[in-house]
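See below for entry-v7.cif, which holds mmCIF, N, CA and C atoms.
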```
data_input
loop_
_atom_site.group_PDB
_atom_site.id
_atom_site.type_symbol
_atom_site.label_atom_id
_atom_site.label_comp_id
_atom_site.auth_asym_id
_atom_site.auth_seq_id
_atom_site.Cartn_x
_atom_site.Cartn_y
_atom_site.Cartn_z
ATOM 1 N N MET V 17 -38.548 18.982 -13.623
ATOM 2 C CA MET V 17 -38.913 17.686 -13.074
ATOM 3 C C MET V 17 -40.410 17.694 -12.750
ATOM 4 N N PRO V 18 -41.151 16.686 -13.167
ATOM 5 C CA PRO V 18 -42.592 16.671 -12.936
ATOM 6 C C PRO V 18 -42.940 16.501 -11.463
ATOM 7 N N LEU V 19 -44.165 16.921 -11.140
ATOM 8 C CA LEU V 19 -44.669 16.756 -9.783
ATOM 9 C C LEU V 19 -44.901 15.273 -9.503
ATOM 10 N N THR V 20 -44.690 14.887 -8.252
ATOM 11 C CA THR V 20 -44.891 13.507 -7.828
ATOM 12 C C THR V 20 -45.974 13.437 -6.763
ATOM 13 N N ARG V 21 -46.378 12.225 -6.472
ATOM 14 C CA ARG V 21 -47.332 11.985 -5.392
ATOM 15 C C ARG V 21 -46.815 12.596 -4.080
ATOM 16 N N GLU V 22 -45.517 12.442 -3.827
ATOM 17 C CA GLU V 22 -44.924 12.967 -2.592
ATOM 18 C C GLU V 22 -44.973 14.492 -2.562
ATOM 19 N N ASP V 23 -44.767 15.132 -3.713
ATOM 20 C CA ASP V 23 -44.863 16.591 -3.787
ATOM 21 C C ASP V 23 -46.266 17.061 -3.413
ATOM 22 N N LEU V 24 -47.267 16.344 -3.916
ATOM 23 C CA LEU V 24 -48.645 16.731 -3.629
ATOM 24 C C LEU V 24 -48.990 16.494 -2.170
ATOM 25 N N ARG V 25 -48.561 15.372 -1.619
ATOM 26 C CA ARG V 25 -48.833 15.124 -0.198
ATOM 27 C C ARG V 25 -48.226 16.244 0.652
ATOM 28 N N ALA V 26 -46.998 16.618 0.357
ATOM 29 C CA ALA V 26 -46.346 17.692 1.113
ATOM 30 C C ALA V 26 -47.099 19.004 0.944
ATOM 31 N N SER V 27 -47.653 19.253 -0.234
ATOM 32 C CA SER V 27 -48.376 20.519 -0.451
ATOM 33 C C SER V 27 -49.683 20.545 0.326
ATOM 34 N N PHE V 28 -50.361 19.381 0.462
ATOM 35 C CA PHE V 28 -51.559 19.324 1.306
ATOM 36 C C PHE V 28 -51.179 19.602 2.758
ATOM 37 N N GLU V 29 -50.076 19.030 3.203
ATOM 38 C CA GLU V 29 -49.640 19.225 4.577
ATOM 39 C C GLU V 29 -49.194 20.669 4.824
ATOM 40 N N ARG V 30 -48.575 21.324 3.831
ATOM 41 C CA ARG V 30 -48.178 22.732 3.995
ATOM 42 C C ARG V 30 -49.386 23.644 4.182
ATOM 43 N N ALA V 31 -50.513 23.259 3.585
ATOM 44 C CA ALA V 31 -51.734 24.052 3.742
ATOM 45 C C ALA V 31 -52.284 23.935 5.159
ATOM 46 N N GLY V 32 -51.880 22.917 5.872
ATOM 47 C CA GLY V 32 -52.355 22.677 7.230
ATOM 48 C C GLY V 32 -52.821 21.235 7.347
ATOM 49 N N GLU V 33 -52.571 20.644 8.490
ATOM 50 C CA GLU V 33 -52.900 19.233 8.682
ATOM 51 C C GLU V 33 -54.364 18.937 8.398
ATOM 52 N N GLU V 34 -55.244 19.918 8.614
ATOM 53 C CA GLU V 34 -56.668 19.678 8.395
ATOM 54 C C GLU V 34 -56.975 19.332 6.933
ATOM 55 N N HIS V 35 -56.135 19.782 6.008
ATOM 56 C CA HIS V 35 -56.361 19.470 4.596
ATOM 57 C C HIS V 35 -56.033 18.005 4.299
ATOM 58 N N TRP V 36 -54.928 17.514 4.822
ATOM 59 C CA TRP V 36 -54.596 16.096 4.650
ATOM 60 C C TRP V 36 -55.618 15.235 5.380
ATOM 61 N N ARG V 37 -56.020 15.665 6.577
ATOM 62 C CA ARG V 37 -57.013 14.917 7.361
ATOM 63 C C ARG V 37 -58.358 14.869 6.625
ATOM 64 N N ALA V 38 -58.689 15.926 5.888
ATOM 65 C CA ALA V 38 -59.939 15.928 5.111
ATOM 66 C C ALA V 38 -59.910 14.849 4.038
ATOM 67 N N LEU V 39 -58.745 14.626 3.415
ATOM 68 C CA LEU V 39 -58.637 13.551 2.428
ATOM 69 C C LEU V 39 -58.764 12.183 3.088
ATOM 70 N N ILE V 40 -58.194 12.046 4.272
ATOM 71 C CA ILE V 40 -58.309 10.781 5.007
ATOM 72 C C ILE V 40 -59.775 10.524 5.359
ATOM 73 N N ALA V 41 -60.457 11.550 5.867
ATOM 74 C CA ALA V 41 -61.868 11.402 6.234
ATOM 75 C C ALA V 41 -62.714 11.075 5.007
ATOM 76 N N HIS V 42 -62.430 11.717 3.893
ATOM 77 C CA HIS V 42 -63.166 11.451 2.646
ATOM 78 C C HIS V 42 -63.063 9.968 2.280
ATOM 79 N N HIS V 43 -61.904 9.393 2.475
ATOM 80 C CA HIS V 43 -61.688 7.971 2.179
ATOM 81 C C HIS V 43 -62.363 7.076 3.217
ATOM 82 N N GLU V 44 -62.121 7.344 4.491
ATOM 83 C CA GLU V 44 -62.568 6.440 5.549
ATOM 84 C C GLU V 44 -64.060 6.500 5.820
ATOM 85 N N GLU V 45 -64.683 7.661 5.680
ATOM 86 C CA GLU V 45 -66.103 7.798 6.007
ATOM 87 C C GLU V 45 -67.002 7.037 5.042
ATOM 88 N N ALA V 46 -66.489 6.632 3.928
ATOM 89 C CA ALA V 46 -67.286 5.903 2.942
ATOM 90 C C ALA V 46 -67.313 4.405 3.204
ATOM 91 N N TYR V 47 -66.607 3.935 4.240
ATOM 92 C CA TYR V 47 -66.549 2.514 4.552
ATOM 93 C C TYR V 47 -67.958 1.946 4.645
ATOM 94 N N PRO V 48 -68.263 0.811 4.111
ATOM 95 C CA PRO V 48 -67.407 -0.239 3.582
ATOM 96 C C PRO V 48 -67.103 -0.097 2.085
ATOM 97 N N ASP V 49 -67.533 0.980 1.472
ATOM 98 C CA ASP V 49 -67.265 1.202 0.040
ATOM 99 C C ASP V 49 -66.375 2.439 -0.089
ATOM 100 N N PRO V 50 -65.082 2.299 0.290
ATOM 101 C CA PRO V 50 -64.228 3.489 0.395
ATOM 102 C C PRO V 50 -63.955 4.166 -0.942
ATOM 103 N N ARG V 51 -63.745 5.453 -0.831
ATOM 104 C CA ARG V 51 -63.338 6.267 -1.969
ATOM 105 C C ARG V 51 -61.818 6.179 -2.101
ATOM 106 N N PRO V 52 -61.230 6.838 -3.106
ATOM 107 C CA PRO V 52 -59.768 6.779 -3.279
ATOM 108 C C PRO V 52 -59.027 7.195 -2.003
ATOM 109 N N THR V 53 -57.885 6.563 -1.777
ATOM 110 C CA THR V 53 -57.065 6.904 -0.620
ATOM 111 C C THR V 53 -56.450 8.286 -0.827
ATOM 112 N N PRO V 54 -55.989 8.943 0.240
ATOM 113 C CA PRO V 54 -55.285 10.210 0.072
ATOM 114 C C PRO V 54 -54.082 10.086 -0.870
ATOM 115 N N GLY V 55 -53.379 8.966 -0.804
ATOM 116 C CA GLY V 55 -52.254 8.744 -1.704
ATOM 117 C C GLY V 55 -52.694 8.646 -3.157
ATOM 118 N N ASP V 56 -53.840 8.000 -3.397
ATOM 119 C CA ASP V 56 -54.376 7.916 -4.754
ATOM 120 C C ASP V 56 -54.755 9.304 -5.274
ATOM 121 N N VAL V 57 -55.340 10.118 -4.403
ATOM 122 C CA VAL V 57 -55.706 11.484 -4.794
ATOM 123 C C VAL V 57 -54.443 12.283 -5.120
ATOM 124 N N ALA V 58 -53.422 12.168 -4.263
ATOM 125 C CA ALA V 58 -52.165 12.891 -4.501
ATOM 126 C C ALA V 58 -51.534 12.451 -5.822
ATOM 127 N N LYS V 59 -51.557 11.170 -6.100
ATOM 128 C CA LYS V 59 -51.001 10.649 -7.356
ATOM 129 C C LYS V 59 -51.802 11.160 -8.550
ATOM 130 N N GLY V 60 -53.122 11.129 -8.444
ATOM 131 C CA GLY V 60 -53.972 11.615 -9.524
ATOM 132 C C GLY V 60 -53.798 13.106 -9.776
ATOM 133 N N GLU V 61 -53.668 13.873 -8.706
ATOM 134 C CA GLU V 61 -53.472 15.312 -8.852
ATOM 135 C C GLU V 61 -52.106 15.629 -9.449
ATOM 136 N N ALA V 62 -51.084 14.883 -9.071
ATOM 137 C CA ALA V 62 -49.759 15.093 -9.665
ATOM 138 C C ALA V 62 -49.837 14.892 -11.175
ATOM 139 N N ALA V 63 -50.493 13.815 -11.597
ATOM 140 C CA ALA V 63 -50.624 13.551 -13.033
ATOM 141 C C ALA V 63 -51.438 14.644 -13.717
ATOM 142 N N ARG V 64 -52.542 15.055 -13.099
ATOM 143 C CA ARG V 64 -53.406 16.087 -13.693
ATOM 144 C C ARG V 64 -52.671 17.415 -13.822
ATOM 145 N N LEU V 65 -51.952 17.811 -12.771
ATOM 146 C CA LEU V 65 -51.220 19.084 -12.796
ATOM 147 C C LEU V 65 -50.045 19.030 -13.766
ATOM 148 N N ASN V 66 -49.370 17.897 -13.855
ATOM 149 C CA ASN V 66 -48.284 17.747 -14.834
ATOM 150 C C ASN V 66 -48.834 17.901 -16.250
ATOM 151 N N GLU V 67 -49.964 17.279 -16.505
ATOM 152 C CA GLU V 67 -50.586 17.366 -17.829
ATOM 153 C C GLU V 67 -50.971 18.811 -18.172
ATOM 154 N N ALA V 68 -51.346 19.578 -17.153
ATOM 155 C CA ALA V 68 -51.731 20.976 -17.355
ATOM 156 C C ALA V 68 -50.516 21.907 -17.459
ATOM 157 N N GLY V 69 -49.308 21.352 -17.281
ATOM 158 C CA GLY V 69 -48.097 22.147 -17.429
ATOM 159 C C GLY V 69 -47.498 22.663 -16.140
ATOM 160 N N PHE V 70 -48.127 22.386 -15.009
ATOM 161 C CA PHE V 70 -47.631 22.895 -13.726
ATOM 162 C C PHE V 70 -46.470 22.086 -13.163
ATOM 163 N N GLY V 71 -46.110 21.004 -13.798
ATOM 164 C CA GLY V 71 -44.999 20.191 -13.317
ATOM 165 C C GLY V 71 -43.641 20.700 -13.744
ATOM 166 N N ASP V 72 -43.606 21.772 -14.502
ATOM 167 C CA ASP V 72 -42.343 22.361 -14.969
ATOM 168 C C ASP V 72 -41.741 23.203 -13.841
ATOM 169 N N SER V 73 -40.772 22.629 -13.133
ATOM 170 C CA SER V 73 -40.199 23.299 -11.954
ATOM 171 C C SER V 73 -39.370 24.529 -12.308
ATOM 172 N N THR V 74 -39.074 24.732 -13.571
ATOM 173 C CA THR V 74 -38.382 25.967 -13.964
ATOM 174 C C THR V 74 -39.366 27.116 -14.114
ATOM 175 N N ARG V 75 -40.665 26.784 -14.202
ATOM 176 C CA ARG V 75 -41.697 27.808 -14.383
ATOM 177 C C ARG V 75 -42.609 27.983 -13.191
ATOM 178 N N TYR V 76 -42.800 26.909 -12.386
ATOM 179 C CA TYR V 76 -43.770 26.949 -11.284
ATOM 180 C C TYR V 76 -43.226 26.292 -10.031
ATOM 181 N N GLN V 77 -43.607 26.864 -8.900
ATOM 182 C CA GLN V 77 -43.320 26.259 -7.595
ATOM 183 C C GLN V 77 -44.661 26.005 -6.918
ATOM 184 N N LEU V 78 -44.932 24.759 -6.546
ATOM 185 C CA LEU V 78 -46.163 24.415 -5.848
ATOM 186 C C LEU V 78 -46.050 24.871 -4.403
ATOM 187 N N LEU V 79 -46.925 25.793 -3.999
ATOM 188 C CA LEU V 79 -46.870 26.328 -2.637
ATOM 189 C C LEU V 79 -47.669 25.471 -1.668
ATOM 190 N N ASP V 80 -48.948 25.273 -1.961
ATOM 191 C CA ASP V 80 -49.782 24.438 -1.102
ATOM 192 C C ASP V 80 -51.022 24.008 -1.861
ATOM 193 N N SER V 81 -51.724 23.036 -1.282
ATOM 194 C CA SER V 81 -52.934 22.488 -1.878
ATOM 195 C C SER V 81 -53.986 22.381 -0.796
ATOM 196 N N ARG V 82 -55.147 22.953 -1.072
ATOM 197 C CA ARG V 82 -56.219 22.978 -0.077
ATOM 198 C C ARG V 82 -57.363 22.053 -0.477
ATOM 199 N N VAL V 83 -57.990 21.486 0.541
ATOM 200 C CA VAL V 83 -59.095 20.549 0.352
ATOM 201 C C VAL V 83 -60.344 21.141 0.973
ATOM 202 N N GLN V 84 -61.404 21.139 0.207
ATOM 203 C CA GLN V 84 -62.723 21.520 0.729
ATOM 204 C C GLN V 84 -63.641 20.328 0.532
ATOM 205 N N ARG V 85 -64.602 20.175 1.434
ATOM 206 C CA ARG V 85 -65.578 19.086 1.303
ATOM 207 C C ARG V 85 -66.965 19.699 1.207
ATOM 208 N N PRO V 86 -67.385 20.077 -0.005
ATOM 209 C CA PRO V 86 -68.690 20.726 -0.161
ATOM 210 C C PRO V 86 -69.852 19.811 0.210
ATOM 211 N N THR V 87 -69.673 18.506 0.020
ATOM 212 C CA THR V 87 -70.647 17.516 0.469
ATOM 213 C C THR V 87 -69.858 16.371 1.076
ATOM 214 N N PRO V 88 -70.505 15.515 1.858
ATOM 215 C CA PRO V 88 -69.775 14.397 2.453
ATOM 216 C C PRO V 88 -69.152 13.442 1.437
ATOM 217 N N SER V 89 -69.651 13.438 0.207
ATOM 218 C CA SER V 89 -69.133 12.478 -0.769
ATOM 219 C C SER V 89 -68.182 13.091 -1.797
ATOM 220 N N THR V 90 -67.871 14.382 -1.674
ATOM 221 C CA THR V 90 -66.989 15.019 -2.657
ATOM 222 C C THR V 90 -65.868 15.795 -1.977
ATOM 223 N N VAL V 91 -64.786 15.964 -2.700
ATOM 224 C CA VAL V 91 -63.717 16.868 -2.291
ATOM 225 C C VAL V 91 -63.446 17.821 -3.455
ATOM 226 N N THR V 92 -63.135 19.048 -3.096
ATOM 227 C CA THR V 92 -62.735 20.047 -4.075
ATOM 228 C C THR V 92 -61.315 20.461 -3.727
ATOM 229 N N LEU V 93 -60.445 20.485 -4.726
ATOM 230 C CA LEU V 93 -59.031 20.760 -4.518
ATOM 231 C C LEU V 93 -58.644 22.056 -5.219
ATOM 232 N N ILE V 94 -57.853 22.873 -4.531
ATOM 233 C CA ILE V 94 -57.324 24.121 -5.082
ATOM 234 C C ILE V 94 -55.837 24.163 -4.766
ATOM 235 N N HIS V 95 -55.031 24.405 -5.779
ATOM 236 C CA HIS V 95 -53.577 24.430 -5.622
ATOM 237 C C HIS V 95 -53.074 25.854 -5.856
ATOM 238 N N ARG V 96 -52.119 26.267 -5.028
ATOM 239 C CA ARG V 96 -51.480 27.576 -5.209
ATOM 240 C C ARG V 96 -50.067 27.365 -5.730
ATOM 241 N N PHE V 97 -49.744 28.097 -6.790
ATOM 242 C CA PHE V 97 -48.428 28.040 -7.419
ATOM 243 C C PHE V 97 -47.817 29.418 -7.442
ATOM 244 N N ARG V 98 -46.500 29.464 -7.411
ATOM 245 C CA ARG V 98 -45.750 30.697 -7.639
ATOM 246 C C ARG V 98 -45.114 30.568 -9.017
ATOM 247 N N ALA V 99 -45.375 31.555 -9.861
ATOM 248 C CA ALA V 99 -44.745 31.586 -11.179
ATOM 249 C C ALA V 99 -43.298 32.017 -10.994
ATOM 250 N N LEU V 100 -42.402 31.356 -11.700
ATOM 251 C CA LEU V 100 -40.979 31.667 -11.591
ATOM 252 C C LEU V 100 -40.505 32.316 -12.879
ATOM 253 N N PRO V 101 -39.625 33.230 -12.852
ATOM 254 C CA PRO V 101 -38.910 33.748 -11.697
ATOM 255 C C PRO V 101 -39.593 34.936 -11.048
ATOM 256 N N GLY V 102 -40.656 35.475 -11.640
ATOM 257 C CA GLY V 102 -41.280 36.701 -11.145
ATOM 258 C C GLY V 102 -41.905 36.631 -9.775
ATOM 259 N N GLY V 103 -42.395 35.472 -9.396
ATOM 260 C CA GLY V 103 -42.942 35.314 -8.064
ATOM 261 C C GLY V 103 -44.428 35.566 -7.940
ATOM 262 N N GLU V 104 -45.141 35.799 -9.041
ATOM 263 C CA GLU V 104 -46.588 36.000 -8.974
ATOM 264 C C GLU V 104 -47.247 34.702 -8.507
ATOM 265 N N THR V 105 -48.173 34.819 -7.537
ATOM 266 C CA THR V 105 -48.879 33.649 -7.007
ATOM 267 C C THR V 105 -50.240 33.555 -7.667
ATOM 268 N N ARG V 106 -50.606 32.328 -8.058
ATOM 269 C CA ARG V 106 -51.927 32.117 -8.625
ATOM 270 C C ARG V 106 -52.482 30.786 -8.165
ATOM 271 N N GLU V 107 -53.800 30.673 -8.238
ATOM 272 C CA GLU V 107 -54.491 29.455 -7.835
ATOM 273 C C GLU V 107 -55.074 28.766 -9.055
ATOM 274 N N THR V 108 -55.156 27.449 -8.962
ATOM 275 C CA THR V 108 -55.849 26.705 -9.997
ATOM 276 C C THR V 108 -57.357 26.874 -9.791
ATOM 277 N N GLU V 109 -58.097 26.601 -10.821
ATOM 278 C CA GLU V 109 -59.551 26.550 -10.678
ATOM 279 C C GLU V 109 -59.897 25.400 -9.741
ATOM 280 N N PRO V 110 -60.937 25.537 -8.919
ATOM 281 C CA PRO V 110 -61.340 24.418 -8.062
ATOM 282 C C PRO V 110 -61.650 23.180 -8.906
ATOM 283 N N PHE V 111 -61.171 22.031 -8.442
ATOM 284 C CA PHE V 111 -61.371 20.765 -9.141
ATOM 285 C C PHE V 111 -62.080 19.804 -8.206
ATOM 286 N N THR V 112 -63.245 19.329 -8.622
ATOM 287 C CA THR V 112 -64.011 18.387 -7.803
ATOM 288 C C THR V 112 -64.056 17.041 -8.514
ATOM 289 N N ASN V 113 -63.618 16.022 -7.802
ATOM 290 C CA ASN V 113 -63.609 14.681 -8.341
ATOM 291 C C ASN V 113 -63.258 13.738 -7.195
ATOM 292 N N TYR V 114 -62.799 12.565 -7.498
ATOM 293 C CA TYR V 114 -62.361 11.571 -6.519
ATOM 294 C C TYR V 114 -63.501 11.124 -5.618
ATOM 295 N N GLU V 115 -64.646 10.855 -6.229
ATOM 296 C CA GLU V 115 -65.804 10.380 -5.478
ATOM 297 C C GLU V 115 -65.787 8.876 -5.367
#
```
I need this file expressed as structure tokens, please.
Amino acid sequence: MPLTREDLRASFERAGEEHWRALIAHHEEAYPDPRPTPGDVAKGEAARLNEAGFGDSTRYQLLDSRVQRPTPSTVTLIHRFRALPGGETRETEPFTNYE
């Protein structure tokens, strides 16, 4: 089953509330010209990760998703997955977008 927006939101929250709050701040601090909402980012990341093959729940388990803000106008996202069935954990390459 492919990853959904809700799966991504939960993965940001599993990393710690500060990661979800960073997405909210990224959106709100740009007012009056806001950037994508946290929900839009979660939806976009679900689509991007599904396209990369990580949406295959028989092969991967999404553990958490971390948000970094290298500049006030950018976010960098890193996702941790567990390969199934072996259990090896790996991270995606940092992805910066959603400006």
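For the residues V:His43, V:Lys59, V:His95, V:Arg82, ranking by smallest atom-to-atom distance to V:Ala31 using only C-alpha atoms places V:Arg82 first.
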Selection dump of the PyMOL selection byres (((chain V and resi 25 and name CA) around 10) and name CA), as JSON, numbers by chain | {"V": [20, 21, 22, 23, 24, 26, 27, 28, 29, 30, 35, 36, 54, 55, 57, 58, 59, 61, 62, 80, 81]}
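Pairwise distance (atom CA of V:Ala46, atom CA of V:Val91) equals 12.7 Å.
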Within 5 Å of (-44.9, 15.9, -12.1) (coordinates as in the file), grab all the protein and nucleic acid residues, counting all atoms listed in the file, and write them out as a ChimeraX atom specification.
-> /V:17-20,66,71
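Checking V:Ile94, V:Glu67, V:Leu39, V:Arg75 one by one against V:Glu107, counting only N, CA and C atoms, you find the shortest gap at V:Ile94.
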Axis-aligned box over every listed atom of stretch 45-53 of chain V, padded by 3 Å per side: centre and edges in Å to one decimal, as lines of an AutoDock Vina configuration file?
```
center_x = -62.4
center_y = 4.0
center_z = 1.4
size_x = 17.8
size_y = 14.5
size_z = 15.3
```
What residues come out when you apply the PyMOL selection byres ((chain V and resi 110) around 6.5) to this file, written as a PyMOL selection string?
-> chain V and resi 92-94+108-109+111-112
To one decimal in Å, tell me the separation between atom CA of V:Gly103 and atom CA of V:Gly60.
-> 26.2 Å
Please evaluate the PyMOL selection byres (((chain V and resi 76 and name CA) around 7) and name CA) against the displayed coordinates and give the resulting residues as a PyMOL selection string.
-> chain V and resi 70+72-75+77-78+97-100
For V:Asp56, the nearest of the candidates V:Ser89, V:Asn113, V:Arg106, V:Gln84, counting only C-alpha atoms = V:Asn113
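Here atom CA of V:Pro88 is placed at a distance of 10.3 Å from atom C of V:Glu44.
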Among the residues of stretch 18-80 of chain V, find those DSSP assigns to strand (DSSP E or B) from the backbone and print them as number ranges by chain.
-> V: 76-80
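Checking V:Ala68, V:Glu45, V:Glu104, V:Glu33 one by one against V:Val83, counting only C-alpha atoms, you find the shortest gap at V:Glu33.
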Pull the helix (DSSP H, G or I) assignments for chain V out of DSSP run on the backbone, and list those residues as a ChimeraX atom specification.
-> /V:21-31,33-44,54-67
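Residue nearest V:Pro50, chosen from V:Glu115, V:Thr90, V:Gly32, V:Arg96 and counting all atoms listed in the file: V:Glu115.
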